[in-house]
Amino acid sequence: MKAAYLSEIASPFIVGDAVIDAPIGREVLVDVKAVGLCHSDVHLGENDFGFSAPIMLGHEVAGVVAEIGPDVAGLQVGDHVVACLITSCGHCNACARGYLNACRNGRELYRARTENPRVSINGEAVSTPAGMAGFAEQALIHENQLVAIDKSVPFDRAALLGCGVLTGAGAISNSARVRSGETVAVIGCGGVGLNAIQMARITSAERIIAVDLQPGKLELARDFGATDVIHAGEVDPVAAVKEITGGLGVDHALEVIGLVPTVEQALGMLTTHGTAYLVGIQRPGATLDLNIDGVGGPFLQREHGVRGVWMGSSNFRVDVPKLAELYLQGRLKLDELVSRTISLADINTGFDELKTGTVARNVIAF
Ligand SMILES: [Zn+2]
Ligand SMILES: [Zn+2]
């Protein structure tokens with residue numbers, strides 16, 4: 001099969017031939033129909049996380065089940081599926097409570113080193129971070145990382161549900177549990193931030209304030225439901241949020257970029273009882289210097305909170321079909337998120353565009 005892979009970290013993708021094994025156990029062979037280009041792929045492709053080359057990336061997969069392993073119980077050949085990089089065993093306490101992203105047994109889903117590799121290139125085993133390897137015509141994925149969705153959702157839209165949409169929408173509905181009438185600020189209006197904004201709209205937040213440096217993204221943010229937009233290059237976003245909210249600040253401030261100064265801004269724009277959510281992935285070793293001065297500082301007296309968010313605190317098996325349904329009802333925008341549909345051969349150009357920060361999502365379609 002055709003596949004894109006890295007022969008070393010921080011090098012361009014090579015498009016070539018790879019060999020994929022037949023499914024064993026609870027693995028599912030998926031004909032990949034669409035796969036999104038995500039910032040997490042950039043992180044994994046440019047930094048050494050200990051995976052040995054060759055490495056295949058790509059985790060925003062949507063496709064059709066082509067073949068199932070002998071122990072697969074929940075999916076059938078022909079099902080339309082969305083993949084998610086959350087690896088959950090299904091039998092531990094965290095899984096039983098629905099907190100799939102808290103499962104610590106994810107390795108159970110991978111093959112042992114003594115078994116045939118899932119994918120190989122020139123006879124060499126390929127590293128497949130999170131068990132995905134979606135930048136290829138086919139992917140071999142454990143059943144626990146797949147969920148079937150309504151067949152009427154187009155694949156290039158469905159591909160976004162398992163990562164960017166899940167993370168942004170889940171940060172609002174699962175992590176922050178935003179209620180009708182509350183106020184929300186979203187710092188960073190890319191593929192994840194826009195989904196936070198539209199879920200805040202769906203949950204009837206009273207004010208949804210979008211903060212970004214790019215006018216094009218602020219325009220998109222308005223289309224997705226922002227009631228106010230702030231160009232962070234022209235005004236101080238903290239002061240601007242305070243002004244918009246009559247001096248109060250917001251109930252929920254989401255940082256969706258992954259930078260410490262913007263986390264500090266999120267903390268600075270909170271009203272009493274407000275919480276800052278760290279959604280963006282921070283650099284390795286990043287630390288936050290928090291002013292917890294009990295007399296003069298706002299953190300204790302105004303009962304502020306700060307919370308980390310991983311994959312939108314999502315149970316993707318419940319959330320992805322729900323988000324697909326919202327799309328089919330016309331309430332969740334996905335069409336507008338797909339900046340461009342490209343071929344596998346254009347993968348490097350697609351990532352170059354993503355890194356400039358001007359596109360929401362490029363999607364490879366087969
Ligand atoms: Zn992703
Ligand atoms: Zn588990």
# chains A, B, ... in the order shown; residues from 1 in each chain; ligands from 1
call {"tool": "select_by_dssp", "arguments": {"residues": "stretch 201-242 of chain A", "states": "alpha helix (DSSP H)", "output": "ChimeraX atom specification"}}
result
/A:201-202,215-224,237-242
call {"tool": "write_last_selection", "arguments": {"atoms": "N, CA, C and O atoms", "output": "tab-separated table (two decimals), in the first residue's frame"}}
result
chain	number	residue	atom	x	y	z
A	201	ARG	N	-21.30	28.00	21.70
A	201	ARG	CA	-22.53	28.51	21.06
A	201	ARG	C	-23.68	27.52	21.26
A	201	ARG	O	-24.78	27.90	21.64
A	202	ILE	N	-23.38	26.22	21.03
A	202	ILE	CA	-24.43	25.20	21.15
A	202	ILE	C	-24.95	25.13	22.59
A	202	ILE	O	-26.13	24.90	22.82
A	215	PRO	N	-6.39	38.04	11.71
A	215	PRO	CA	-7.74	38.52	11.40
A	215	PRO	C	-8.60	37.45	10.71
A	215	PRO	O	-9.80	37.34	10.97
A	216	GLY	N	-7.98	36.62	9.85
A	216	GLY	CA	-8.74	35.58	9.16
A	216	GLY	C	-9.35	34.58	10.13
A	216	GLY	O	-10.49	34.14	9.96
A	217	LYS	N	-8.60	34.25	11.16
A	217	LYS	CA	-9.11	33.29	12.15
A	217	LYS	C	-10.20	33.93	13.01
A	217	LYS	O	-11.15	33.26	13.42
A	218	LEU	N	-10.07	35.22	13.28
A	218	LEU	CA	-11.11	35.90	14.05
A	218	LEU	C	-12.41	35.97	13.26
A	218	LEU	O	-13.50	35.86	13.82
A	219	GLU	N	-12.28	36.11	11.94
A	219	GLU	CA	-13.47	36.11	11.08
A	219	GLU	C	-14.15	34.74	11.15
A	219	GLU	O	-15.37	34.65	11.30
A	220	LEU	N	-13.34	33.68	11.04
A	220	LEU	CA	-13.88	32.32	11.18
A	220	LEU	C	-14.54	32.14	12.54
A	220	LEU	O	-15.60	31.53	12.66
A	221	ALA	N	-13.88	32.68	13.58
A	221	ALA	CA	-14.41	32.55	14.94
A	221	ALA	C	-15.81	33.14	15.04
A	221	ALA	O	-16.70	32.58	15.68
A	222	ARG	N	-16.03	34.27	14.37
A	222	ARG	CA	-17.37	34.87	14.35
A	222	ARG	C	-18.36	33.92	13.69
A	222	ARG	O	-19.48	33.73	14.18
A	223	ASP	N	-17.95	33.32	12.56
A	223	ASP	CA	-18.84	32.38	11.88
A	223	ASP	C	-19.18	31.19	12.77
A	223	ASP	O	-20.25	30.61	12.67
A	224	PHE	N	-18.24	30.81	13.63
A	224	PHE	CA	-18.46	29.64	14.48
A	224	PHE	C	-19.21	29.98	15.77
A	224	PHE	O	-19.54	29.10	16.54
A	237	PRO	N	-5.34	41.68	25.45
A	237	PRO	CA	-6.53	40.83	25.51
A	237	PRO	C	-7.19	40.78	26.89
A	237	PRO	O	-8.41	40.68	26.99
A	238	VAL	N	-6.39	40.88	27.96
A	238	VAL	CA	-6.96	40.83	29.31
A	238	VAL	C	-7.85	42.05	29.55
A	238	VAL	O	-9.00	41.94	29.97
A	239	ALA	N	-7.30	43.21	29.22
A	239	ALA	CA	-8.08	44.45	29.40
A	239	ALA	C	-9.32	44.43	28.51
A	239	ALA	O	-10.41	44.86	28.93
A	240	ALA	N	-9.17	43.92	27.29
A	240	ALA	CA	-10.30	43.90	26.35
A	240	ALA	C	-11.41	42.97	26.85
A	240	ALA	O	-12.59	43.30	26.75
A	241	VAL	N	-11.04	41.81	27.40
A	241	VAL	CA	-12.05	40.89	27.93
A	241	VAL	C	-12.78	41.53	29.11
A	241	VAL	O	-14.00	41.45	29.23
A	242	LYS	N	-12.01	42.21	29.97
A	242	LYS	CA	-12.63	42.88	31.13
A	242	LYS	C	-13.63	43.94	30.65
A	242	LYS	O	-14.73	44.06	31.19
call {"tool": "residues_near_ligand", "arguments": {"ligand": "ligand 2", "cutoff": "8 Å", "atoms": "only C-alpha atoms and all ligand atoms", "output": "mmCIF file with all heavy atoms, in the first residue's frame"}}
result
data_model
loop_
_atom_site.group_PDB
_atom_site.id
_atom_site.type_symbol
_atom_site.label_atom_id
_atom_site.label_comp_id
_atom_site.auth_asym_id
_atom_site.auth_seq_id
_atom_site.Cartn_x
_atom_site.Cartn_y
_atom_site.Cartn_z
ATOM 1 N N SER A 88 -7.459 2.860 25.416
ATOM 2 C CA SER A 88 -8.104 2.465 26.671
ATOM 3 C C SER A 88 -8.390 0.971 26.648
ATOM 4 O O SER A 88 -8.835 0.435 25.635
ATOM 5 C CB SER A 88 -9.410 3.249 26.844
ATOM 6 O OG SER A 88 -10.264 3.027 25.742
ATOM 7 N N CYS A 89 -8.129 0.321 27.797
ATOM 8 C CA CYS A 89 -8.233 -1.137 27.857
ATOM 9 C C CYS A 89 -9.678 -1.611 27.909
ATOM 10 O O CYS A 89 -10.001 -2.702 27.461
ATOM 11 C CB CYS A 89 -7.457 -1.661 29.067
ATOM 12 S SG CYS A 89 -8.231 -1.278 30.668
ATOM 13 N N GLY A 90 -10.557 -0.810 28.516
ATOM 14 C CA GLY A 90 -11.964 -1.192 28.599
ATOM 15 C C GLY A 90 -12.326 -1.960 29.853
ATOM 16 O O GLY A 90 -13.508 -2.199 30.108
ATOM 17 N N HIS A 91 -11.335 -2.363 30.666
ATOM 18 C CA HIS A 91 -11.681 -3.184 31.838
ATOM 19 C C HIS A 91 -11.167 -2.632 33.166
ATOM 20 O O HIS A 91 -11.447 -3.197 34.213
ATOM 21 C CB HIS A 91 -11.188 -4.622 31.652
ATOM 22 C CG HIS A 91 -9.705 -4.730 31.416
ATOM 23 N ND1 HIS A 91 -8.779 -4.560 32.408
ATOM 24 C CD2 HIS A 91 -8.993 -4.952 30.274
ATOM 25 C CE1 HIS A 91 -7.566 -4.704 31.901
ATOM 26 N NE2 HIS A 91 -7.664 -4.928 30.604
ATOM 27 N N CYS A 92 -10.404 -1.520 33.148
ATOM 28 C CA CYS A 92 -9.892 -0.991 34.421
ATOM 29 C C CYS A 92 -10.932 -0.065 35.058
ATOM 30 O O CYS A 92 -11.971 0.218 34.474
ATOM 31 C CB CYS A 92 -8.575 -0.245 34.194
ATOM 32 S SG CYS A 92 -8.754 1.324 33.338
ATOM 33 N N ASN A 93 -10.629 0.409 36.253
ATOM 34 C CA ASN A 93 -11.563 1.266 36.978
ATOM 35 C C ASN A 93 -11.846 2.561 36.212
ATOM 36 O O ASN A 93 -12.995 3.003 36.114
ATOM 37 C CB ASN A 93 -10.985 1.564 38.365
ATOM 38 C CG ASN A 93 -11.910 2.423 39.192
ATOM 39 O OD1 ASN A 93 -11.837 3.643 39.122
ATOM 40 N ND2 ASN A 93 -12.809 1.808 39.939
ATOM 41 N N ALA A 94 -10.772 3.179 35.638
ATOM 42 C CA ALA A 94 -10.969 4.431 34.898
ATOM 43 C C ALA A 94 -11.885 4.195 33.697
ATOM 44 O O ALA A 94 -12.800 4.978 33.430
ATOM 45 C CB ALA A 94 -9.626 4.985 34.438
ATOM 46 N N CYS A 95 -11.649 3.119 32.953
ATOM 47 C CA CYS A 95 -12.483 2.812 31.787
ATOM 48 C C CYS A 95 -13.932 2.554 32.209
ATOM 49 O O CYS A 95 -14.865 3.014 31.564
ATOM 50 C CB CYS A 95 -11.935 1.597 31.036
ATOM 51 S SG CYS A 95 -10.442 1.954 30.080
ATOM 52 N N ALA A 96 -14.094 1.813 33.317
ATOM 53 C CA ALA A 96 -15.449 1.494 33.782
ATOM 54 C C ALA A 96 -16.220 2.759 34.120
ATOM 55 O O ALA A 96 -17.439 2.815 33.967
ATOM 56 C CB ALA A 96 -15.376 0.573 34.997
ATOM 57 N N LEU A 100 -11.936 7.333 29.683
ATOM 58 C CA LEU A 100 -11.038 6.563 28.825
ATOM 59 C C LEU A 100 -9.645 7.175 28.768
ATOM 60 O O LEU A 100 -8.649 6.459 28.669
ATOM 61 C CB LEU A 100 -11.614 6.460 27.411
ATOM 62 C CG LEU A 100 -13.027 5.862 27.286
ATOM 63 C CD1 LEU A 100 -13.349 5.603 25.824
ATOM 64 C CD2 LEU A 100 -13.171 4.590 28.099
ATOM 65 N N ALA A 102 -8.017 8.418 31.045
ATOM 66 C CA ALA A 102 -7.266 8.177 32.285
ATOM 67 C C ALA A 102 -6.765 6.738 32.355
ATOM 68 O O ALA A 102 -6.086 6.364 33.312
ATOM 69 C CB ALA A 102 -8.148 8.471 33.499
ATOM 70 N N CYS A 103 -7.068 5.915 31.359
ATOM 71 C CA CYS A 103 -6.635 4.514 31.358
ATOM 72 C C CYS A 103 -5.112 4.447 31.273
ATOM 73 O O CYS A 103 -4.491 5.176 30.515
ATOM 74 C CB CYS A 103 -7.251 3.762 30.186
ATOM 75 S SG CYS A 103 -6.679 2.047 30.094
ATOM 76 N N ARG A 104 -4.526 3.584 32.077
ATOM 77 C CA ARG A 104 -3.068 3.440 32.073
ATOM 78 C C ARG A 104 -2.635 2.107 31.446
ATOM 79 O O ARG A 104 -1.493 1.708 31.549
ATOM 80 C CB ARG A 104 -2.526 3.536 33.514
ATOM 81 C CG ARG A 104 -2.698 4.920 34.124
ATOM 82 C CD ARG A 104 -1.744 5.948 33.490
ATOM 83 N NE ARG A 104 -2.081 7.314 33.857
ATOM 84 C CZ ARG A 104 -2.813 8.117 33.091
ATOM 85 N NH1 ARG A 104 -3.282 7.696 31.933
ATOM 86 N NH2 ARG A 104 -3.072 9.355 33.466
ATOM 87 N N ASN A 105 -3.556 1.409 30.829
ATOM 88 C CA ASN A 105 -3.230 0.100 30.240
ATOM 89 C C ASN A 105 -3.205 0.148 28.718
ATOM 90 O O ASN A 105 -3.424 -0.868 28.050
ATOM 91 C CB ASN A 105 -4.251 -0.960 30.681
ATOM 92 C CG ASN A 105 -4.349 -1.070 32.189
ATOM 93 O OD1 ASN A 105 -3.348 -0.887 32.880
ATOM 94 N ND2 ASN A 105 -5.526 -1.350 32.688
ATOM 95 N N GLY A 106 -2.955 1.341 28.165
ATOM 96 C CA GLY A 106 -3.023 1.508 26.716
ATOM 97 C C GLY A 106 -2.140 0.541 25.934
ATOM 98 O O GLY A 106 -2.478 0.169 24.813
#
call {"tool": "residues_around", "arguments": {"residues": "A:Ile141", "least_positions_apart": "4", "cutoff": "10 Å", "atoms": "only C-alpha atoms", "output": "MDAnalysis selection string"}}
result
chainID A and resid 23 26:30 68 83:85 109:110 118 130:134 145:146
call {"tool": "write_last_selection", "arguments": {"atoms": "N, CA, C and O atoms", "output": "PDB file, in the first residue's frame"}}
result
ATOM      1  N   PRO A  23      -5.276  -8.391  10.339  1.00  0.00           N
ATOM      2  CA  PRO A  23      -5.670  -8.150  11.731  1.00  0.00           C
ATOM      3  C   PRO A  23      -5.636  -9.427  12.571  1.00  0.00           C
ATOM      4  O   PRO A  23      -6.054 -10.491  12.107  1.00  0.00           O
ATOM      5  N   ARG A  26      -8.158  -8.311  18.434  1.00  0.00           N
ATOM      6  CA  ARG A  26      -9.239  -7.317  18.315  1.00  0.00           C
ATOM      7  C   ARG A  26      -8.844  -6.172  17.370  1.00  0.00           C
ATOM      8  O   ARG A  26      -9.410  -5.077  17.445  1.00  0.00           O
ATOM      9  N   GLU A  27      -7.901  -6.427  16.497  1.00  0.00           N
ATOM     10  CA  GLU A  27      -7.513  -5.396  15.520  1.00  0.00           C
ATOM     11  C   GLU A  27      -8.497  -5.332  14.354  1.00  0.00           C
ATOM     12  O   GLU A  27      -9.130  -6.309  13.995  1.00  0.00           O
ATOM     13  N   VAL A  28      -8.548  -4.143  13.766  1.00  0.00           N
ATOM     14  CA  VAL A  28      -9.452  -3.886  12.648  1.00  0.00           C
ATOM     15  C   VAL A  28      -8.636  -3.279  11.507  1.00  0.00           C
ATOM     16  O   VAL A  28      -7.876  -2.339  11.715  1.00  0.00           O
ATOM     17  N   LEU A  29      -8.788  -3.844  10.314  1.00  0.00           N
ATOM     18  CA  LEU A  29      -8.131  -3.264   9.139  1.00  0.00           C
ATOM     19  C   LEU A  29      -9.095  -2.247   8.520  1.00  0.00           C
ATOM     20  O   LEU A  29     -10.223  -2.592   8.163  1.00  0.00           O
ATOM     21  N   VAL A  30      -8.640  -1.005   8.444  1.00  0.00           N
ATOM     22  CA  VAL A  30      -9.501   0.084   7.971  1.00  0.00           C
ATOM     23  C   VAL A  30      -8.996   0.584   6.620  1.00  0.00           C
ATOM     24  O   VAL A  30      -7.800   0.882   6.474  1.00  0.00           O
ATOM     25  N   ILE A  68     -11.869  -7.673   9.933  1.00  0.00           N
ATOM     26  CA  ILE A  68     -11.777  -7.619  11.398  1.00  0.00           C
ATOM     27  C   ILE A  68     -11.031  -8.840  11.925  1.00  0.00           C
ATOM     28  O   ILE A  68     -11.090  -9.925  11.333  1.00  0.00           O
ATOM     29  N   ALA A  83     -11.371   7.100  14.098  1.00  0.00           N
ATOM     30  CA  ALA A  83     -10.368   6.635  15.056  1.00  0.00           C
ATOM     31  C   ALA A  83     -10.028   7.741  16.045  1.00  0.00           C
ATOM     32  O   ALA A  83     -10.213   8.926  15.762  1.00  0.00           O
ATOM     33  N   CYS A  84      -9.539   7.327  17.217  1.00  0.00           N
ATOM     34  CA  CYS A  84      -9.122   8.286  18.237  1.00  0.00           C
ATOM     35  C   CYS A  84      -7.836   7.787  18.866  1.00  0.00           C
ATOM     36  O   CYS A  84      -7.669   6.586  19.089  1.00  0.00           O
ATOM     37  N   LEU A  85      -6.914   8.706  19.167  1.00  0.00           N
ATOM     38  CA  LEU A  85      -5.622   8.233  19.677  1.00  0.00           C
ATOM     39  C   LEU A  85      -5.644   7.844  21.148  1.00  0.00           C
ATOM     40  O   LEU A  85      -4.648   7.360  21.685  1.00  0.00           O
ATOM     41  N   LEU A 109      -3.177  -2.592  23.914  1.00  0.00           N
ATOM     42  CA  LEU A 109      -3.759  -2.527  22.574  1.00  0.00           C
ATOM     43  C   LEU A 109      -2.720  -2.753  21.476  1.00  0.00           C
ATOM     44  O   LEU A 109      -3.069  -2.964  20.319  1.00  0.00           O
ATOM     45  N   TYR A 110      -1.445  -2.670  21.846  1.00  0.00           N
ATOM     46  CA  TYR A 110      -0.387  -2.789  20.839  1.00  0.00           C
ATOM     47  C   TYR A 110       0.081  -4.233  20.719  1.00  0.00           C
ATOM     48  O   TYR A 110      -0.128  -5.051  21.604  1.00  0.00           O
ATOM     49  N   ARG A 118       2.808  -4.459  12.874  1.00  0.00           N
ATOM     50  CA  ARG A 118       1.572  -4.122  12.147  1.00  0.00           C
ATOM     51  C   ARG A 118       1.899  -3.618  10.742  1.00  0.00           C
ATOM     52  O   ARG A 118       1.227  -3.936   9.780  1.00  0.00           O
ATOM     53  N   ALA A 130       0.777   5.786  19.125  1.00  0.00           N
ATOM     54  CA  ALA A 130      -0.637   5.648  19.500  1.00  0.00           C
ATOM     55  C   ALA A 130      -1.355   4.578  18.677  1.00  0.00           C
ATOM     56  O   ALA A 130      -2.578   4.540  18.631  1.00  0.00           O
ATOM     57  N   GLY A 131      -0.584   3.700  18.024  1.00  0.00           N
ATOM     58  CA  GLY A 131      -1.199   2.579  17.307  1.00  0.00           C
ATOM     59  C   GLY A 131      -2.024   2.974  16.106  1.00  0.00           C
ATOM     60  O   GLY A 131      -3.001   2.304  15.767  1.00  0.00           O
ATOM     61  N   MET A 132      -1.647   4.044  15.417  1.00  0.00           N
ATOM     62  CA  MET A 132      -2.491   4.584  14.351  1.00  0.00           C
ATOM     63  C   MET A 132      -1.924   4.415  12.945  1.00  0.00           C
ATOM     64  O   MET A 132      -2.419   3.633  12.169  1.00  0.00           O
ATOM     65  N   ALA A 133      -0.903   5.220  12.596  1.00  0.00           N
ATOM     66  CA  ALA A 133      -0.294   5.184  11.257  1.00  0.00           C
ATOM     67  C   ALA A 133      -1.325   5.414  10.158  1.00  0.00           C
ATOM     68  O   ALA A 133      -1.492   4.598   9.247  1.00  0.00           O
ATOM     69  N   GLY A 134      -2.009   6.540  10.253  1.00  0.00           N
ATOM     70  CA  GLY A 134      -3.116   6.824   9.341  1.00  0.00           C
ATOM     71  C   GLY A 134      -2.737   7.443   8.010  1.00  0.00           C
ATOM     72  O   GLY A 134      -3.584   7.523   7.113  1.00  0.00           O
ATOM     73  N   GLN A 145     -10.022   1.749  19.769  1.00  0.00           N
ATOM     74  CA  GLN A 145      -9.706   3.101  19.301  1.00  0.00           C
ATOM     75  C   GLN A 145     -10.590   3.519  18.127  1.00  0.00           C
ATOM     76  O   GLN A 145     -10.297   4.497  17.450  1.00  0.00           O
ATOM     77  N   LEU A 146     -11.639   2.762  17.899  1.00  0.00           N
ATOM     78  CA  LEU A 146     -12.526   3.053  16.767  1.00  0.00           C
ATOM     79  C   LEU A 146     -13.966   3.154  17.256  1.00  0.00           C
ATOM     80  O   LEU A 146     -14.365   2.474  18.203  1.00  0.00           O
TER      81      LEU A 146
END
call {"tool": "closest_atom_pairs", "arguments": {"of": "chain A", "to": "ligand 1", "cutoff": "7 Å", "atoms": "only C-alpha atoms and all ligand atoms", "output": "JSON lines"}}
result
{"residue": "A:Cys38", "atom": "CA", "partner": "ligand 1", "partner_atom_place_in_ligand_line": "1 (Zn)", "distance": 4.5}
{"residue": "A:His39", "atom": "CA", "partner": "ligand 1", "partner_atom_place_in_ligand_line": "1 (Zn)", "distance": 6.3}
{"residue": "A:Ser40", "atom": "CA", "partner": "ligand 1", "partner_atom_place_in_ligand_line": "1 (Zn)", "distance": 5.3}
{"residue": "A:Asp41", "atom": "CA", "partner": "ligand 1", "partner_atom_place_in_ligand_line": "1 (Zn)", "distance": 6.9}
{"residue": "A:His59", "atom": "CA", "partner": "ligand 1", "partner_atom_place_in_ligand_line": "1 (Zn)", "distance": 6.2}
{"residue": "A:Glu60", "atom": "CA", "partner": "ligand 1", "partner_atom_place_in_ligand_line": "1 (Zn)", "distance": 5.9}
{"residue": "A:Cys163", "atom": "CA", "partner": "ligand 1", "partner_atom_place_in_ligand_line": "1 (Zn)", "distance": 4.6}
{"residue": "A:Gly164", "atom": "CA", "partner": "ligand 1", "partner_atom_place_in_ligand_line": "1 (Zn)", "distance": 5.6}
call {"tool": "write_last_selection", "arguments": {"atoms": "all heavy atoms", "output": "compact mmCIF listing (two decimals), in the first residue's frame"}}
result
# COMPACT_ATOMS: atom_id res chain seq x y z
N CYS A 38 -2.66 17.22 11.70
CA CYS A 38 -2.88 17.82 13.01
C CYS A 38 -1.57 18.36 13.58
O CYS A 38 -0.49 17.86 13.27
CB CYS A 38 -3.46 16.75 13.93
SG CYS A 38 -3.69 17.25 15.63
N HIS A 39 -1.67 19.35 14.47
CA HIS A 39 -0.47 19.89 15.12
C HIS A 39 0.26 18.83 15.95
O HIS A 39 1.48 18.91 16.13
CB HIS A 39 -0.84 21.08 16.01
CG HIS A 39 -1.01 22.35 15.23
ND1 HIS A 39 0.06 23.06 14.75
CD2 HIS A 39 -2.12 23.00 14.83
CE1 HIS A 39 -0.38 24.11 14.08
NE2 HIS A 39 -1.70 24.10 14.11
N SER A 40 -0.49 17.85 16.46
CA SER A 40 0.17 16.78 17.23
C SER A 40 1.12 15.99 16.34
O SER A 40 2.15 15.51 16.79
CB SER A 40 -0.86 15.83 17.82
OG SER A 40 -1.81 16.54 18.55
N ASP A 41 0.77 15.84 15.06
CA ASP A 41 1.69 15.17 14.13
C ASP A 41 2.97 15.98 13.97
O ASP A 41 4.06 15.42 13.84
CB ASP A 41 1.03 15.01 12.74
CG ASP A 41 -0.17 14.07 12.79
OD1 ASP A 41 -0.05 12.97 13.34
OD2 ASP A 41 -1.23 14.44 12.23
N HIS A 59 -3.35 10.45 12.75
CA HIS A 59 -4.27 9.85 13.73
C HIS A 59 -5.71 10.32 13.56
O HIS A 59 -6.59 9.82 14.22
CB HIS A 59 -3.78 10.15 15.15
CG HIS A 59 -3.63 11.62 15.41
ND1 HIS A 59 -2.49 12.30 15.09
CD2 HIS A 59 -4.50 12.52 15.90
CE1 HIS A 59 -2.66 13.58 15.40
NE2 HIS A 59 -3.87 13.74 15.88
N GLU A 60 -5.94 11.30 12.66
CA GLU A 60 -7.33 11.77 12.48
C GLU A 60 -7.96 10.99 11.33
O GLU A 60 -8.22 11.53 10.25
CB GLU A 60 -7.33 13.28 12.22
CG GLU A 60 -6.75 14.05 13.40
CD GLU A 60 -6.99 15.54 13.31
OE1 GLU A 60 -7.32 16.05 12.23
OE2 GLU A 60 -6.84 16.21 14.34
N CYS A 163 -10.29 14.02 16.89
CA CYS A 163 -9.18 14.72 17.55
C CYS A 163 -9.50 16.20 17.79
O CYS A 163 -9.86 16.59 18.88
CB CYS A 163 -7.90 14.56 16.75
SG CYS A 163 -6.47 15.33 17.52
N GLY A 164 -9.39 17.03 16.75
CA GLY A 164 -9.56 18.47 16.93
C GLY A 164 -10.94 18.85 17.42
O GLY A 164 -11.09 19.66 18.34
call {"tool": "closest_residue", "arguments": {"among": "A:Thr227, A:Ser173, A:Gln265, A:Thr128", "to": "A:Gly188", "atoms": "only C-alpha atoms"}}
result
A:Gln265
call {"tool": "select_by_dssp", "arguments": {"residues": "stretch 37-238 of chain A", "states": "strand (DSSP E)", "output": "PyMOL selection string"}}
result
chain A and resi 60-68+80-83+119-121+124-125+138-142+146-148+183-187+207-212+228-231
call {"tool": "atom_distance", "arguments": {"atom1": "atom CA of A:Glu143", "atom2": "atom CA of A:Gly36"}}
result
19.9 Å
call {"tool": "residues_around", "arguments": {"residues": "A:Ile20", "least_positions_apart": "6", "cutoff": "8 Å", "atoms": "only C-alpha atoms", "output": "PyMOL selection string"}}
result
chain A and resi 1+118-120+138-140
call {"tool": "residues_around", "arguments": {"residues": "A:Leu259", "least_positions_apart": "4", "cutoff": "8 Å", "atoms": "only C-alpha atoms", "output": "ChimeraX atom specification"}}
result
/A:263,280,282-283
call {"tool": "residues_around", "arguments": {"residues": "A:Asn315", "least_positions_apart": "6", "cutoff": "8 Å", "atoms": "only C-alpha atoms", "output": "list in words"}}
result
Gly98, Tyr99, Leu100 and Asn101 of chain A
call {"tool": "closest_atom_pairs", "arguments": {"of": "stretch 189-239 of chain A", "to": "stretch 180-184 of chain A", "cutoff": "9 Å", "atoms": "only C-alpha atoms", "output": "CSV"}}
result
residue,atom,partner,partner_atom,distance
A:Ile197,CA,A:Val184,CA,8.4
A:Ala200,CA,A:Val184,CA,7.4
A:Thr203,CA,A:Ser180,CA,5.9
A:Ser204,CA,A:Ser180,CA,4.7
A:Ala205,CA,A:Gly181,CA,4.9
A:Glu206,CA,A:Gly181,CA,4.4
A:Arg207,CA,A:Thr183,CA,4.8
A:Ile208,CA,A:Val184,CA,4.9
A:Ile209,CA,A:Val184,CA,6.2
A:Ala210,CA,A:Val184,CA,8.6
call {"tool": "atom_distance", "arguments": {"atom1": "atom CA of A:Leu75", "atom2": "atom CA of A:Asn144"}}
result
10.1 Å
call {"tool": "closest_atom_pairs", "arguments": {"of": "stretch 11-44 of chain A", "to": "stretch 345-359 of chain A", "cutoff": "9 Å", "atoms": "only C-alpha atoms", "output": "tab-separated table"}}
result
residue	atom	partner	partner_atom	distance
A:Pro12	CA	A:Asn348	CA	6.5
A:Phe13	CA	A:Asn348	CA	6.3
A:Ile14	CA	A:Ala345	CA	8.8
A:Val15	CA	A:Ala345	CA	6.5
A:Leu37	CA	A:Phe351	CA	6.8
A:Cys38	CA	A:Leu354	CA	7.9
A:His39	CA	A:Leu354	CA	7.6
A:Val42	CA	A:Phe351	CA	7.8
call {"tool": "atom_distance", "arguments": {"atom1": "atom CA of A:Leu270", "atom2": "atom CA of A:Ala253"}}
result
6.8 Å
call {"tool": "residues_around", "arguments": {"residues": "stretch 149-160 of chain A", "least_positions_apart": "4", "cutoff": "9 Å", "atoms": "only C-alpha atoms", "output": "number ranges by chain"}}
result
A: 33-36, 59-63, 79-83, 164-166, 191, 320-321, 324-325, 327-328, 334-335, 337-338, 341, 361, 363-365
call {"tool": "closest_residue", "arguments": {"among": "A:Met199, A:Gly294, A:Trp310, A:Ala10", "to": "A:Leu44", "atoms": "only C-alpha atoms"}}
result
A:Ala10
call {"tool": "closest_residue", "arguments": {"among": "A:Glu124, A:Asp212, A:Asp251, A:Glu137", "to": "A:Ala232", "atoms": "only C-alpha atoms"}}
result
A:Asp212
